[in-house]
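Have a look at the structure below, then the notes.
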Amino acid sequence: MDDPRVFLTDNALLDIEELWIQKRRLESCAQCEFLRNGTTCGQSGMLVSYRAGLLDAKCPHPAETKW
Ligand code: SF4
């Protein structure tokens with residue numbers, strides 16, 4: 001029982017991977033100078049918690065995309 005993920009379904013594994021991607025993105029946003037009120041991207045105007053969960057979305061940072 002080295003890897004507990006083997007007991008999850010493929011969909012559950014995918015969900016965990018998506019959550020992990022969102023978490024990493026939100027960590028980048030938390031360090032970003034464009035984050036407003038801890039919730040909103042100053043470049044896109046969107047809630048980062050929402051946008052970071054959209055797998056096809058890209059960070060709109062004007063100098064260098066963060067994710
Ligand atoms: S510019 Fe990118 S890293 Fe910065 S708050 Fe917006 S989405 Fe997050």
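In the structure tokens, chains take letters A, B, ... by order of appearance, with residues numbered from 1 within each chain and ligands from 1 in the order shown.
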TODO: Might you pull out every residue within 9 Å of A:Cys59, with only C-alpha atoms counted and same-chain residues fewer than 6 positions away left off, and present them as a list of chain:residue names?
DONE: A:Arg25, A:Cys29, A:Gln43, A:Ser44, A:Arg51, A:Ala52, A:Thr65, A:Lys66, A:Trp67
Open item on the list: Let me see if you get this right: every residue at most 10 Å from ligand 1, counting only C-alpha atoms and all ligand atoms, written as a PyMOL selection string.
Closed with: chain A and resi 25-36+38-49+51-52+57-67
- [ ] Would you please give, as number ranges by chain, all residues of chain A that DSSP assigns to alpha helix (DSSP H) based on the backbone?
- [x] A: 10-30, 48-51
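Going from atom CA of A:Asp15 to atom CA of A:Gly53 covers 10.9 Å.
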List every residue of chain A that DSSP, applied to the backbone, labels as strand (DSSP E), and write the result as a PDB file with C-alpha atoms, in the first residue's frame.
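Result went into selection_25.pdb, see below:
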ATOM      1  CA  LEU A  35      -4.131  40.566  -6.671  1.00  0.00           C
ATOM      2  CA  ARG A  36      -6.833  42.891  -5.297  1.00  0.00           C
ATOM      3  CA  THR A  40      -9.636  39.404  -7.546  1.00  0.00           C
ATOM      4  CA  CYS A  41      -7.152  39.564 -10.390  1.00  0.00           C
TER       5      CYS A  41
END
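Atom to atom, atom CA of A:Tyr50 and atom CA of A:Thr9 stand 25.1 Å apart.
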